[in-house]
>>> print(open('coords02.txt').read())   # compact mmCIF, C-alpha atoms
# COMPACT_ATOMS: atom_id res chain seq x y z
CA MET A 2 122.81 112.27 104.19
CA TRP A 3 123.69 111.05 107.64
CA ILE A 4 126.45 108.40 107.74
CA PRO A 5 128.02 107.32 111.04
CA ARG A 6 131.37 106.37 109.39
CA ARG A 7 132.06 103.92 112.13
CA ILE A 8 133.50 101.12 110.01
CA GLN A 9 137.29 101.35 109.98
CA HIS A 10 138.11 97.76 109.06
CA CYS A 11 136.73 95.07 106.76
CA ARG A 12 134.63 92.41 108.49
CA VAL A 13 135.85 89.75 106.03
CA CYS A 14 139.63 90.28 105.93
CA GLY A 15 140.37 92.90 108.61
CA ALA A 16 142.13 95.31 106.20
CA PRO A 17 141.35 99.07 106.43
CA ALA A 18 138.07 100.23 104.89
CA ALA A 19 137.53 103.61 103.20
CA TYR A 20 134.28 105.44 102.54
CA ARG A 21 133.66 105.89 98.81
CA VAL A 22 130.86 105.43 96.28
CA PRO A 23 131.03 101.92 94.79
CA ALA A 24 130.34 101.31 91.09
CA ASP A 25 126.59 101.06 90.35
CA ASP A 26 125.80 102.89 93.59
CA ASN A 27 125.00 106.50 94.44
CA ARG A 28 126.16 106.90 98.03
CA GLU A 29 129.27 106.36 100.09
CA ARG A 30 129.84 102.95 101.67
CA ALA A 31 132.72 101.54 103.69
CA VAL A 32 134.64 99.58 101.04
CA CYS A 33 137.57 97.31 101.91
CA THR A 34 140.83 98.65 100.47
CA HIS A 35 142.13 95.07 100.18
CA CYS A 36 139.35 92.65 99.22
CA GLY A 37 136.73 95.16 97.98
CA GLU A 38 133.95 93.98 100.31
CA ILE A 39 131.18 96.61 100.55
CA HIS A 40 129.75 97.20 104.04
CA TYR A 41 126.20 98.52 103.98
CA GLU A 42 124.82 100.39 107.00
CA ASN A 43 121.06 100.53 107.33
CA PRO A 44 118.37 101.65 109.79
CA LEU A 45 117.51 99.48 112.78
CA ASN A 46 114.04 98.50 113.95
CA VAL A 47 112.96 99.02 117.55
CA VAL A 48 109.94 96.86 118.40
CA GLY A 49 107.69 97.15 121.44
CA THR A 50 104.17 97.08 122.80
CA VAL A 51 101.47 99.21 124.39
CA PRO A 52 100.46 96.73 127.15
CA TYR A 53 97.03 97.63 128.56
CA PHE A 54 94.91 96.30 131.40
CA GLY A 55 91.44 97.81 131.31
CA GLU A 56 91.93 101.54 131.02
CA ARG A 57 95.53 101.48 132.29
CA VAL A 58 98.79 101.17 130.34
CA LEU A 59 102.01 99.53 131.53
CA LEU A 60 105.16 101.64 131.63
CA CYS A 61 108.67 100.60 132.64
CA LEU A 62 111.08 102.79 134.60
CA ARG A 63 114.40 102.47 132.76
CA ASN A 64 117.34 101.08 134.69
CA ILE A 65 119.85 101.55 131.86
CA GLU A 66 121.16 104.40 129.71
CA PRO A 67 120.05 106.19 127.68
CA ARG A 68 117.26 107.79 129.72
CA ARG A 69 117.82 105.91 132.96
CA GLY A 70 115.12 106.97 135.43
CA LYS A 71 112.60 107.83 132.69
CA TRP A 72 109.46 105.86 131.81
CA THR A 73 109.07 103.91 128.60
CA LEU A 74 106.88 101.38 126.87
CA PRO A 75 108.66 98.02 126.72
CA ALA A 76 110.70 98.04 123.48
CA GLY A 77 114.12 97.20 122.11
CA PHE A 78 116.10 96.32 119.00
CA MET A 79 114.57 93.69 116.74
CA GLU A 80 116.79 90.61 116.42
CA LEU A 81 117.54 88.31 113.49
CA GLY A 82 115.27 85.28 113.24
CA GLU A 83 112.14 86.91 114.63
CA THR A 84 109.11 88.74 113.25
CA THR A 85 108.27 92.28 114.34
CA ALA A 86 105.49 90.93 116.58
CA GLN A 87 107.76 88.24 118.07
CA GLY A 88 110.39 90.87 118.83
CA ALA A 89 107.80 93.14 120.46
CA ALA A 90 106.59 90.22 122.59
CA ARG A 91 110.17 89.25 123.56
CA GLU A 92 110.98 92.77 124.70
CA THR A 93 107.75 92.95 126.72
CA ASP A 94 108.67 89.70 128.41
CA GLU A 95 112.30 90.73 129.04
CA GLU A 96 111.62 94.25 130.29
CA ALA A 97 108.35 93.81 132.18
CA GLY A 98 107.92 90.07 132.78
CA ALA A 99 104.29 90.62 131.81
CA HIS A 100 101.67 88.06 130.76
CA PHE A 101 99.87 89.22 127.65
CA GLU A 102 98.45 88.53 124.22
CA ILE A 103 99.81 90.49 121.26
CA GLU A 104 97.12 92.30 119.27
CA GLY A 105 97.38 94.51 116.19
CA LEU A 106 100.18 96.74 114.95
CA PHE A 107 99.52 100.20 116.36
CA SER A 108 102.29 102.65 115.36
CA VAL A 109 105.18 102.86 112.88
CA LEU A 110 107.49 105.80 113.56
CA SER A 111 110.55 106.74 111.51
CA VAL A 112 113.38 108.48 113.34
CA PRO A 113 115.83 109.27 110.50
CA ARG A 114 118.12 111.37 112.71
CA VAL A 115 119.22 108.20 114.50
CA GLY A 116 118.52 105.72 111.69
CA GLN A 117 115.67 103.89 113.41
CA VAL A 118 112.11 102.74 112.79
CA HIS A 119 109.96 102.07 115.87
CA LEU A 120 107.02 99.68 115.66
CA PHE A 121 104.55 99.24 118.53
CA TYR A 122 101.84 96.59 118.88
CA ARG A 123 98.88 96.68 121.24
CA ALA A 124 99.16 93.93 123.91
CA ARG A 125 96.29 92.88 126.17
CA LEU A 126 97.62 92.13 129.66
CA LEU A 127 96.18 88.97 131.22
CA ASN A 128 96.85 90.01 134.82
CA GLU A 129 98.59 92.66 136.94
CA ARG A 130 101.63 90.57 137.87
CA PHE A 131 104.95 91.82 136.49
CA ASP A 132 108.47 90.52 136.90
CA PRO A 133 110.77 93.14 135.36
CA GLY A 134 114.25 92.18 134.18
CA PRO A 135 117.51 93.98 134.97
CA GLU A 136 116.85 96.76 132.41
CA THR A 137 113.80 97.92 134.38
CA GLN A 138 113.62 99.43 137.89
CA GLU A 139 109.85 99.17 138.12
CA ALA A 140 106.87 98.18 135.94
CA ARG A 141 103.61 99.94 136.77
CA LEU A 142 100.12 100.52 135.33
CA PHE A 143 99.01 104.12 134.67
CA THR A 144 95.66 105.63 133.77
CA GLU A 145 95.83 108.39 131.16
CA ALA A 146 95.59 111.01 133.93
CA GLU A 147 98.49 109.39 135.79
CA ILE A 148 100.94 109.16 132.86
CA PRO A 149 104.19 111.00 133.80
CA TRP A 150 104.26 112.99 130.53
CA ASP A 151 107.30 115.04 131.59
CA ASP A 152 109.31 111.92 132.33
CA ILE A 153 108.71 109.83 129.22
CA ALA A 154 112.00 108.46 127.87
CA PHE A 155 111.47 108.80 124.10
CA ARG A 156 109.44 110.88 121.64
CA THR A 157 108.23 107.72 119.88
CA VAL A 158 106.82 106.44 123.18
CA ARG A 159 105.13 109.77 123.93
CA GLU A 160 103.56 109.99 120.46
CA THR A 161 102.41 106.38 120.63
CA LEU A 162 100.81 106.88 124.07
CA LEU A 163 99.00 110.06 122.94
CA ARG A 164 97.52 108.23 119.96
CA TYR A 165 96.65 105.17 122.03
CA PHE A 166 94.54 107.14 124.50
CA ASP A 167 92.93 109.12 121.63
CA ASP A 168 91.93 105.90 119.88
CA ARG A 169 90.77 104.35 123.14
CA ARG A 170 88.38 107.28 123.67
CA ARG A 171 87.08 106.87 120.12
CA GLY A 172 86.71 103.12 120.66
CA THR A 173 88.59 102.15 117.49
CA TYR A 174 92.29 101.52 116.87
CA ALA A 175 94.07 102.57 113.69
CA VAL A 176 97.66 101.97 112.56
CA HIS A 177 99.47 105.27 113.04
CA THR A 178 102.47 106.35 110.97
CA LEU A 179 104.59 109.28 112.02
CA ASP A 180 108.01 110.78 111.32
CA ILE A 181 110.01 112.14 114.24
CA ASP A 182 112.49 114.96 113.46
CA MET B 15 118.00 81.29 116.04
CA TRP B 16 119.35 82.17 112.63
CA ILE B 17 122.74 83.92 112.66
CA PRO B 18 124.65 84.52 109.43
CA ARG B 19 128.07 84.50 111.19
CA ARG B 20 129.54 86.63 108.50
CA ILE B 21 131.67 88.90 110.70
CA GLN B 22 135.23 87.55 110.85
CA HIS B 23 137.04 90.76 111.81
CA CYS B 24 136.39 93.73 114.08
CA ARG B 25 135.22 96.87 112.30
CA VAL B 26 137.08 99.08 114.81
CA CYS B 27 140.54 97.49 115.04
CA GLY B 28 140.58 94.73 112.39
CA ALA B 29 141.49 91.93 114.83
CA PRO B 30 139.66 88.57 114.56
CA ALA B 31 136.12 88.42 115.97
CA ALA B 32 134.58 85.35 117.63
CA TYR B 33 130.91 84.53 118.15
CA ARG B 34 130.07 84.30 121.86
CA VAL B 35 127.43 85.57 124.31
CA PRO B 36 128.55 88.91 125.80
CA ALA B 37 127.93 89.72 129.49
CA ASP B 38 124.40 91.05 130.09
CA ASP B 39 123.24 89.51 126.82
CA ASN B 40 121.45 86.28 125.92
CA ARG B 41 122.56 85.56 122.39
CA GLU B 42 125.76 85.14 120.44
CA ARG B 43 127.36 88.22 118.89
CA ALA B 44 130.58 88.72 116.98
CA VAL B 45 132.91 90.05 119.70
CA CYS B 46 136.40 91.35 118.94
CA THR B 47 139.07 89.14 120.50
CA HIS B 48 141.36 92.18 120.85
CA CYS B 49 139.36 95.33 121.73
CA GLY B 50 136.10 93.70 122.87
CA GLU B 51 133.85 95.62 120.44
CA ILE B 52 130.45 93.90 120.09
CA HIS B 53 129.02 93.74 116.57
CA TYR B 54 125.24 93.50 116.49
CA GLU B 55 123.48 92.10 113.41
CA ASN B 56 119.86 93.06 112.95
CA PRO B 57 117.06 92.75 110.39
CA LEU B 58 116.95 95.07 107.37
CA ASN B 59 113.97 97.00 106.08
CA VAL B 60 112.90 96.80 102.45
CA VAL B 61 110.65 99.73 101.51
CA GLY B 62 108.54 100.10 98.39
CA THR B 63 105.24 101.16 96.89
CA VAL B 64 102.09 99.90 95.21
CA PRO B 65 101.94 102.54 92.44
CA TYR B 66 98.46 102.68 90.89
CA PHE B 67 96.90 104.55 87.98
CA GLY B 68 93.14 104.10 87.95
CA GLU B 69 92.54 100.37 88.22
CA ARG B 70 96.04 99.39 87.09
CA VAL B 71 99.19 98.76 89.16
CA LEU B 72 102.77 99.42 88.10
CA LEU B 73 105.18 96.47 88.10
CA CYS B 74 108.88 96.47 87.22
CA LEU B 75 110.62 93.67 85.32
CA ARG B 76 113.82 93.03 87.27
CA ASN B 77 117.11 93.49 85.46
CA ILE B 78 119.27 92.33 88.40
CA GLU B 79 119.63 89.24 90.55
CA PRO B 80 117.98 87.85 92.53
CA ARG B 81 114.92 87.12 90.40
CA ARG B 82 116.13 88.75 87.20
CA GLY B 83 113.32 88.49 84.62
CA LYS B 84 110.57 88.41 87.26
CA TRP B 85 108.10 91.21 88.03
CA THR B 86 108.16 93.19 91.25
CA LEU B 87 106.72 96.25 92.89
CA PRO B 88 109.41 98.97 93.14
CA ALA B 89 111.23 98.36 96.44
CA GLY B 90 114.69 98.18 97.95
CA PHE B 91 116.74 98.46 101.12
CA MET B 92 115.94 101.44 103.35
CA GLU B 93 118.95 103.74 103.76
CA LEU B 94 120.23 105.73 106.74
CA GLY B 95 118.93 109.29 106.93
CA GLU B 96 115.51 108.64 105.40
CA THR B 97 112.03 107.76 106.67
CA THR B 98 110.25 104.61 105.52
CA ALA B 99 108.06 106.70 103.19
CA GLN B 100 111.05 108.62 101.81
CA GLY B 101 112.84 105.32 101.13
CA ALA B 102 109.76 103.90 99.39
CA ALA B 103 109.53 107.02 97.24
CA ARG B 104 113.26 106.93 96.41
CA GLU B 105 113.06 103.31 95.27
CA THR B 106 110.00 104.07 93.14
CA ASP B 107 111.87 106.91 91.50
CA GLU B 108 115.07 104.88 91.00
CA GLU B 109 113.46 101.69 89.70
CA ALA B 110 110.51 103.04 87.71
CA GLY B 111 111.19 106.76 87.14
CA ALA B 112 107.52 107.27 87.94
CA HIS B 113 105.72 110.50 88.92
CA PHE B 114 103.55 109.91 91.96
CA GLU B 115 102.28 110.98 95.35
CA ILE B 116 102.91 108.74 98.33
CA GLU B 117 99.74 107.79 100.22
CA GLY B 118 99.25 105.62 103.29
CA LEU B 119 101.25 102.68 104.61
CA PHE B 120 99.66 99.54 103.16
CA SER B 121 101.58 96.41 104.24
CA VAL B 122 104.18 95.38 106.82
CA LEU B 123 105.57 91.89 106.20
CA SER B 124 108.16 90.13 108.36
CA VAL B 125 110.44 87.63 106.61
CA PRO B 126 112.45 86.19 109.53
CA ARG B 127 114.12 83.50 107.39
CA VAL B 128 116.14 86.20 105.66
CA GLY B 129 116.09 88.80 108.46
CA GLN B 130 113.95 91.36 106.65
CA VAL B 131 110.85 93.50 107.15
CA HIS B 132 109.10 94.74 104.00
CA LEU B 133 106.96 97.89 104.13
CA PHE B 134 104.83 99.00 101.17
CA TYR B 135 103.01 102.32 100.74
CA ARG B 136 100.24 103.07 98.27
CA ALA B 137 101.39 105.60 95.65
CA ARG B 138 99.02 107.44 93.30
CA LEU B 139 100.63 107.76 89.86
CA LEU B 140 100.22 111.19 88.27
CA ASN B 141 100.69 109.99 84.69
CA GLU B 142 101.67 106.95 82.62
CA ARG B 143 105.21 108.07 81.82
CA PHE B 144 107.98 105.92 83.29
CA ASP B 145 111.74 106.14 83.01
CA PRO B 146 113.13 102.99 84.61
CA GLY B 147 116.69 102.91 85.94
CA PRO B 148 119.32 100.23 85.25
CA GLU B 149 117.81 97.78 87.76
CA THR B 150 114.61 97.54 85.69
CA GLN B 151 114.13 96.14 82.16
CA GLU B 152 110.61 97.46 81.79
CA ALA B 153 107.97 99.28 83.88
CA ARG B 154 104.38 98.53 82.91
CA LEU B 155 100.82 98.98 84.24
CA PHE B 156 98.70 95.86 84.80
CA THR B 157 95.01 95.38 85.59
CA GLU B 158 94.30 92.70 88.19
CA ALA B 159 93.42 90.24 85.40
CA GLU B 160 96.72 90.95 83.64
CA ILE B 161 99.03 90.49 86.67
CA PRO B 162 101.63 87.79 85.84
CA TRP B 163 101.02 85.88 89.08
CA ASP B 164 103.37 83.04 88.12
CA ASP B 165 106.23 85.44 87.47
CA ILE B 166 106.15 87.63 90.58
CA ALA B 167 109.63 88.00 92.05
CA PHE B 168 108.91 87.84 95.80
CA ARG B 169 106.28 86.44 98.18
CA THR B 170 105.97 89.83 99.92
CA VAL B 171 105.09 91.44 96.57
CA ARG B 172 102.55 88.73 95.74
CA GLU B 173 100.85 88.99 99.16
CA THR B 174 100.80 92.79 98.96
CA LEU B 175 99.26 92.74 95.47
CA LEU B 176 96.57 90.22 96.52
CA ARG B 177 95.57 92.43 99.46
CA TYR B 178 95.69 95.59 97.37
CA PHE B 179 93.18 94.28 94.82
CA ASP B 180 90.97 92.87 97.63
CA ASP B 181 90.91 96.25 99.37
CA ARG B 182 90.35 98.06 96.07
CA ARG B 183 87.24 95.94 95.42
CA ARG B 184 85.96 96.72 98.92
CA GLY B 185 86.71 100.42 98.41
CA THR B 186 88.68 100.82 101.64
CA TYR B 187 92.38 100.35 102.39
CA ALA B 188 93.67 98.85 105.63
CA VAL B 189 97.24 98.41 106.89
CA HIS B 190 98.04 94.72 106.45
CA THR B 191 100.54 92.84 108.60
CA LEU B 192 101.76 89.41 107.62
CA ASP B 193 104.56 87.00 108.44
CA ILE B 194 106.20 85.09 105.57
CA ASP B 195 107.74 81.69 106.42
>>> encode(input="coords02.txt", output="structure tokens")
Amino acid sequence: MWIPRRIQHCRVCGAPAAYRVPADDNRERAVCTHCGEIHYENPLNVVGTVPYFGERVLLCLRNIEPRRGKWTLPAGFMELGETTAQGAARETDEEAGAHFEIEGLFSVLSVPRVGQVHLFYRARLLNERFDPGPETQEARLFTEAEIPWDDIAFRTVRETLLRYFDDRRRGTYAVHTLDID
Amino acid sequence: MWIPRRIQHCRVCGAPAAYRVPADDNRERAVCTHCGEIHYENPLNVVGTVPYFGERVLLCLRNIEPRRGKWTLPAGFMELGETTAQGAARETDEEAGAHFEIEGLFSVLSVPRVGQVHLFYRARLLNERFDPGPETQEARLFTEAEIPWDDIAFRTVRETLLRYFDDRRRGTYAVHTLDID
């Protein structure tokens, strides 16, 4: 089982932590050697959208690492205090400065290698005006034929786009679940 | 925005952390006053199943807090290194000792008040033999009429069960998304 082992000190008292299996548990956790606090490490959610305007989809050219210079759907880490849909909308606003209405959940992709779950919602763009934030070099609409498939930043984005255009052709949108190695 | 503010010390060097807005960010994080490490806090996923055998659904009587003595669907925190479906299956094994096959994703419920996302999969039980672990007092099958609605442990479980029986009557299963206040 993949454990990053990145916790060296206790968040409560600052004393050194050691990885061991706590009582009533079955896997290693960072446990404080002084106060006994157990530090759980769990997967993170990445939430985003498939923003569409007619037959075209909005992609953002990344201005930050990882994958600077590659194209992505607007997405980022879900924050405390928000729903998955609110997080997806926030990221779309921050990264593309788009005007849109959130529609249904479209894809749920597990990426266990990096401890992430990616959730994408469909988002109907209200116009073609974008105002990308500092994380984005450029926000642009692409038809399916124009999608830069060789320069897509992440597998989850690629798989989501493939399924989006498939569903669009069929005229009906499902919720897609997929595991990425 | 809800922040638990539970990080008092840096996980890297153990020095005190202070909540402030880092450069290039727009919300408060626990930042180490010595080494500058930023500690992000994000929502957790709870993964579980709706295990069914014919027209009956499996519920577990909780043996641990919170909600000891209340009935729940088998579910728990997703761990690093697993997919959402693998986590749901693991929890069903740990809490009910059931034999089953995981089917499709059924519900995705955001609970922003506690910083959680709950994901439930349908699971077809292969037999009526259960071997609950220490977290469960009893694992039992219930028809819709028998469900102890007043003694269900969590809102996400209640909402998932309501939608499961609705879909079962209609003969078709959707993926349900819901936000819980």
>>> closest_atom_pairs(input="coords02.txt", of="range 24-123 of chain B", to="range 31-42 of chain A", cutoff="12 Å", atoms="all atoms listed in the file", output="JSON lines")
{"residue": "B:Arg25", "atom": "CA", "partner": "A:His40", "partner_atom": "CA", "distance": 9.9}
{"residue": "B:Gly28", "atom": "CA", "partner": "A:Cys33", "partner_atom": "CA", "distance": 11.2}
{"residue": "B:Tyr54", "atom": "CA", "partner": "A:Glu42", "partner_atom": "CA", "distance": 11.7}
{"residue": "B:Glu55", "atom": "CA", "partner": "A:Glu42", "partner_atom": "CA", "distance": 10.6}
{"residue": "B:Asn56", "atom": "CA", "partner": "A:Glu42", "partner_atom": "CA", "distance": 10.7}
{"residue": "B:Pro57", "atom": "CA", "partner": "A:Glu42", "partner_atom": "CA", "distance": 11.4}
{"residue": "B:Leu58", "atom": "CA", "partner": "A:Glu42", "partner_atom": "CA", "distance": 9.5}
{"residue": "B:Asn59", "atom": "CA", "partner": "A:Glu42", "partner_atom": "CA", "distance": 11.4}
{"residue": "B:Phe91", "atom": "CA", "partner": "A:Tyr41", "partner_atom": "CA", "distance": 9.9}
{"residue": "B:Met92", "atom": "CA", "partner": "A:Glu42", "partner_atom": "CA", "distance": 9.7}
{"residue": "B:Glu93", "atom": "CA", "partner": "A:Glu42", "partner_atom": "CA", "distance": 7.5}
{"residue": "B:Leu94", "atom": "CA", "partner": "A:Glu42", "partner_atom": "CA", "distance": 7.0}
{"residue": "B:Gly95", "atom": "CA", "partner": "A:Glu42", "partner_atom": "CA", "distance": 10.7}
>>> interface_residues(input="coords02.txt", of="chain A", to="chain B", cutoff="10 Å", atoms="all atoms listed in the file", output="number ranges by chain")
A: 2-5, 7-18, 25, 28, 40-46, 78-87, 105-107, 109-118, 135-136, 175-182
>>> closest_residue(input="coords02.txt", among="A:Thr173, A:Thr73, A:Ser108, A:Gln138", to="Ile153 in chain A", atoms="all atoms listed in the file")
A:Thr73
>>> closest_residue(input="coords02.txt", among="A:Glu29, A:Glu160, A:Glu102, A:Glu145", to="Glu56 in chain A", atoms="all atoms listed in the file")
A:Glu145
>>> atom_distance(input="coords02.txt", atom1="CA of Gly147 in chain B", atom2="CA of Asp107 in chain B")
8.4 Å
>>> residues_around(input="coords02.txt", residues="Pro149 in chain A", least_positions_apart="2", cutoff="12 Å", atoms="all atoms listed in the file", output="VMD selection string")
chain A and resid 58 to 62 70 to 73 141 to 147 151 to 154 158 to 159 162
